[in-house]
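Asks: Let me give you the structure first, and then I'll get to my questions.
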Amino acid sequence: MSVGTTMAHVHAESIPTPRPARRRRARWPVAYVAPAVIALGVTFGYSFVEVVRYSFYAGSLGALTYVGGANYTAIFQDPQFTHSLLDNLKLLITVPVITLLALGVALVINTGLRGWRAYRAIIFLPYILPATAMGLAFSYLLQGGGVLDSLLRDAGMSFLIHDWLGSPSWVLFSIGGVIVWQQLGFGVVVFSAALLNVPAEIIEAARLDGAGWWRIQVSVMVPYIKRIIEFFVILEAIAALSSVFTYVYVLTGAGPAYSSSVMEFYIYQNGFENGAIGVASAAAVVLLAIASALIAIFLWVRTRASKDRA
Amino acid sequence: MQYEARSAPRRTARSRRHSLRGRVATGLLAGALVAGTASITPFVAGAAGASTTARAAAGYSGKITYWFWGESDIPGITKWMQQRIAIYEKLHPKVSVDLVPQSNTTIISSFKLAAQSKTGPTIDTQWATLDTLVPAFSGDVAPLNGLVPKSEMSHWINTNENTYKGQVMAMPLYLIGVPLVWNKALFKKAGLNPNKGPATWSQFLSDAKALKAHGITPLGMGNQDGYFGAWMFAIYMKQELNSLSQVTKGIANQGNAQSIFESKLKSLYTMMQALVKDGYVNSNVSSLSLNQGWQLFPEKKAAMSFTTDGNVLSWAKAVGEANIGVGRPPIWGTGSLASTYDVTQSSDEFITSWAPNKQLDANFLAWLHTPSNMAALNKETDAFPADNRFPVSSITDPLARQLYKLDTTGKSIWLENYLPPQVDSDADIPAGQMILSNSGSPAKAVALWTTQLNLWRTEQPTQFQQFKTWAASS
């Protein structure tokens, strides 16, 4: 209970009122949050309203024509848009992969492995690499006849050789792999920090009850950081939907033939390269709706789980 | 020389030649420029058409903000421009020029944003023809007529591509030709005549077959960025046409022009598909950018390539000038335009409609075309200036002379420039990627064009109408 709430509570109890059940809330806390609300309103609220408004217009800024819902019809007729949408959904597969890998590594590091801080730093390193450097490195690694293919050939595994970035069948796997490689470190750091907070007495109690290492991890450690895992999953899911532009832009430019296009790239291409602000806005609204729906589902599941536990 | 609508093999690059000789020559030219100021200044002042001293003075006082692009086409051009600016600011102490280099990825988007707020550059670079004319349709470009005298503009090569409603919208700086280049040593190794490149498509296929049989990759290109496919459209779709209006009317959907256009597209993509299936293009073409794919030629990993004049001259150093053969791209199509060449001004410079002192900008642009500046451009970059005052005698290298002759003989067209930018990026590029990555049939690639053309017409109604007007008048 906050100080403000406590004060209001006290005030309500000391003065008899005809309706004691309805306590008047103090208004001064509103003044504290007002600047933040106004800032958010201007930066996000105004932008949101403008994006929705533009989505009903065709043409470029300065030469806009009202077209009603035609942009929404148009984007769903555009194979690049549907491809982009599907690609974003396919990239959601990276979320459980990153989560499980990061959790596994964090659990191992948490066992007090010698030099665990160094390992954690090494694993975290890709996360802070600049996107351009990463793109350049992976384009040489993954291009047809590139470093990876040469290694596979030298290892006698020529049957595995592919044009990893140039083949529409493989390009999304390649991008997904790079996402996992870069995001893994973030997950490991988050989970490691959470695991450090697990009280030693709980672990000790489990051990006294005869639980082995595996049992302790599965039945004590993981459940204890469940909330953090949930938070991480939703964060990564939102990232897979709306923060994968960089990977696509630097690795493939959405090609070949849109086969690695994602929603963000579609919005960028239409809004900034083509100047089709209405189409870009309509796509942005659809992306926002999907991300919001995912968050709503997550919150609903979480609330229901809390109620079940209660 | 006859030029009919040339356009741009855009976003190209090559290794720059850092010759000491070039630097020394540039220094000498810089000195010559300062010495020649007296003759230049009155001419440009006259170009302003200013009848009063005050107006003339206004043309030499103020700030120019120049959003410039060209380095990936012509390595060294930014340095050349910086040198010109330094000289110009010395000549006109009341003028300051703020040069803002642009990249391939910002050249269009940055200008679009600037145009929305009518702030930013007073002079801007865009790729030639529709990339320049689309902003002109929207009134973001100030015509050069009235700011630069016709007598001066008459020396500029290829202005017709940037002409709208009878007015020249932009100034060209350089020319880029796109020849077929072959490695004579590899040709010899495959039992071919090293001194005779393929002139027809059947000869090209025959040579490719022989090269492949000897374990040599016939054609080395890159299409990760989609530009090789776009180049094939520019070079070979054109060869199927009898006139440019077959493309512009097809895009404008006039009569049955679109179905004719689409049938020719299908032929083009069938030819490209065969190239891939026969293994005549490097197998990793889809994961190499155009620049990366080009490197296969100087590395002697591919026997042929379509490239730029500048690359040819640069590669001559890697494989030896005696080992380089150049010629027109082999003839594949049967249209009247099949015999035209593929040279272009590539990018151009224009004054924005919101520039506060347009005469100031125009004077600077016109000054860049003075013969000494154009000669310095050639010395610094090896590029051929887009100015008919450039003396051919100054080109001493035999290979460069051969390229210049190709560039300046007969008609030239770069077809990609006649596509609206959105159609180029959403249809031309991905359709080529689809074929070259072997992920779709020619029919599917044509269907993509149809969809994207319809979407463009719906999403850009004003631009579509302006395009139709321009297509009908040009």
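Lettering and numbering for the structure tokens are positional, with chains as A, B, ... in the shown order, residues counted from 1 in each chain, and ligands counted from 1 in the shown order.
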For chain B, work out the contacting residues on chain A at 6 Å, counting only C-alpha atoms, and write them as a PyMOL selection string.
Replies: chain A and resi 58-59+143-144+165-166+256-257+272-274
Asks: Give me, as a list in words, all polymer residues having an atom no more than 8 Å from Lys301 of chain B, counting only C-alpha atoms and skipping those fewer than 3 positions away in the same chain.
Replies: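 Near Lys301 of chain B, the qualifying residues are Ile216, Thr217, Gly220, Leu296, Phe297 and Pro298 of chain B.
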Asks: What does the file look like for those residues with N, CA and C atoms, as an mmCIF file, in the first residue's frame?
Replies:
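out.cif written:
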```cif
data_model
loop_
_atom_site.group_PDB
_atom_site.id
_atom_site.type_symbol
_atom_site.label_atom_id
_atom_site.label_comp_id
_atom_site.auth_asym_id
_atom_site.auth_seq_id
_atom_site.Cartn_x
_atom_site.Cartn_y
_atom_site.Cartn_z
ATOM 1 N N ILE B 216 34.592 -23.679 -65.839
ATOM 2 C CA ILE B 216 34.662 -22.227 -65.599
ATOM 3 C C ILE B 216 33.240 -21.684 -65.506
ATOM 4 N N THR B 217 32.987 -20.879 -64.463
ATOM 5 C CA THR B 217 31.662 -20.243 -64.348
ATOM 6 C C THR B 217 31.530 -19.224 -65.477
ATOM 7 N N GLY B 220 29.497 -14.204 -63.987
ATOM 8 C CA GLY B 220 29.604 -13.915 -62.551
ATOM 9 C C GLY B 220 28.815 -12.665 -62.195
ATOM 10 N N LEU B 296 33.828 -11.781 -58.659
ATOM 11 C CA LEU B 296 34.204 -13.073 -59.251
ATOM 12 C C LEU B 296 35.033 -12.873 -60.515
ATOM 13 N N PHE B 297 34.794 -11.769 -61.212
ATOM 14 C CA PHE B 297 35.520 -11.542 -62.470
ATOM 15 C C PHE B 297 36.989 -11.182 -62.217
ATOM 16 N N PRO B 298 37.293 -10.167 -61.437
ATOM 17 C CA PRO B 298 38.717 -9.884 -61.188
ATOM 18 C C PRO B 298 39.433 -11.006 -60.448
#
```
Asks: What is the distance, in Å and to one decimal place, between atom CA of Gln246 of chain B and atom CA of Ala142 of chain B?
Replies: 29.3 Å
Asks: Can you pull out every residue within 7 Å of segment 262-267 of chain A, counting only C-alpha atoms, but drop anything in the same chain fewer than 3 positions away, and send it as number ranges by chain?
Replies: A: 81, 84-85, 87-88, 242, 245, 270-271, 280, 283-284
Asks: Got time to write the residues from that selection, N, CA and C atoms, as a PDB file, in the first residue's frame?
Replies:
```
ATOM      1  N   PHE A  81       2.730  -8.506 -48.323  1.00  0.00           N
ATOM      2  CA  PHE A  81       2.217  -8.271 -46.973  1.00  0.00           C
ATOM      3  C   PHE A  81       1.890  -9.593 -46.283  1.00  0.00           C
ATOM      4  N   SER A  84       4.950 -11.339 -45.422  1.00  0.00           N
ATOM      5  CA  SER A  84       5.620 -10.697 -44.285  1.00  0.00           C
ATOM      6  C   SER A  84       4.966 -11.101 -42.970  1.00  0.00           C
ATOM      7  N   LEU A  85       3.647 -11.101 -42.988  1.00  0.00           N
ATOM      8  CA  LEU A  85       2.888 -11.466 -41.787  1.00  0.00           C
ATOM      9  C   LEU A  85       3.205 -12.905 -41.374  1.00  0.00           C
ATOM     10  N   ASP A  87       5.840 -14.620 -42.171  1.00  0.00           N
ATOM     11  CA  ASP A  87       7.239 -14.717 -41.743  1.00  0.00           C
ATOM     12  C   ASP A  87       7.406 -14.291 -40.290  1.00  0.00           C
ATOM     13  N   ASN A  88       6.695 -13.233 -39.920  1.00  0.00           N
ATOM     14  CA  ASN A  88       6.747 -12.806 -38.511  1.00  0.00           C
ATOM     15  C   ASN A  88       6.238 -13.921 -37.596  1.00  0.00           C
ATOM     16  N   SER A 242       7.847  -7.349 -33.904  1.00  0.00           N
ATOM     17  CA  SER A 242       8.052  -5.951 -34.281  1.00  0.00           C
ATOM     18  C   SER A 242       9.482  -5.435 -34.109  1.00  0.00           C
ATOM     19  N   PHE A 245      13.409  -6.143 -37.849  1.00  0.00           N
ATOM     20  CA  PHE A 245      13.738  -5.394 -39.068  1.00  0.00           C
ATOM     21  C   PHE A 245      15.241  -5.406 -39.344  1.00  0.00           C
ATOM     22  N   ASN A 270       7.245   0.697 -47.755  1.00  0.00           N
ATOM     23  CA  ASN A 270       6.141   1.503 -48.278  1.00  0.00           C
ATOM     24  C   ASN A 270       6.179   2.940 -47.780  1.00  0.00           C
ATOM     25  N   GLY A 271       6.482   3.094 -46.510  1.00  0.00           N
ATOM     26  CA  GLY A 271       6.451   4.437 -45.935  1.00  0.00           C
ATOM     27  C   GLY A 271       7.603   5.315 -46.373  1.00  0.00           C
ATOM     28  N   ALA A 280       1.581   2.037 -45.594  1.00  0.00           N
ATOM     29  CA  ALA A 280       2.465   1.789 -44.452  1.00  0.00           C
ATOM     30  C   ALA A 280       1.688   1.923 -43.140  1.00  0.00           C
ATOM     31  N   ALA A 283      -0.649  -1.078 -42.599  1.00  0.00           N
ATOM     32  CA  ALA A 283       0.129  -2.240 -42.149  1.00  0.00           C
ATOM     33  C   ALA A 283       0.542  -2.076 -40.688  1.00  0.00           C
ATOM     34  N   ALA A 284       0.899  -0.842 -40.304  1.00  0.00           N
ATOM     35  CA  ALA A 284       1.295  -0.586 -38.911  1.00  0.00           C
ATOM     36  C   ALA A 284       0.121  -0.827 -37.963  1.00  0.00           C
TER      37      ALA A 284
END
```
Asks: Segment 225-241 of chain A: which residues within 10 Å, counting only C-alpha atoms, same-chain residues fewer than 4 positions away excluded, as a count of residues only?
Replies: 44
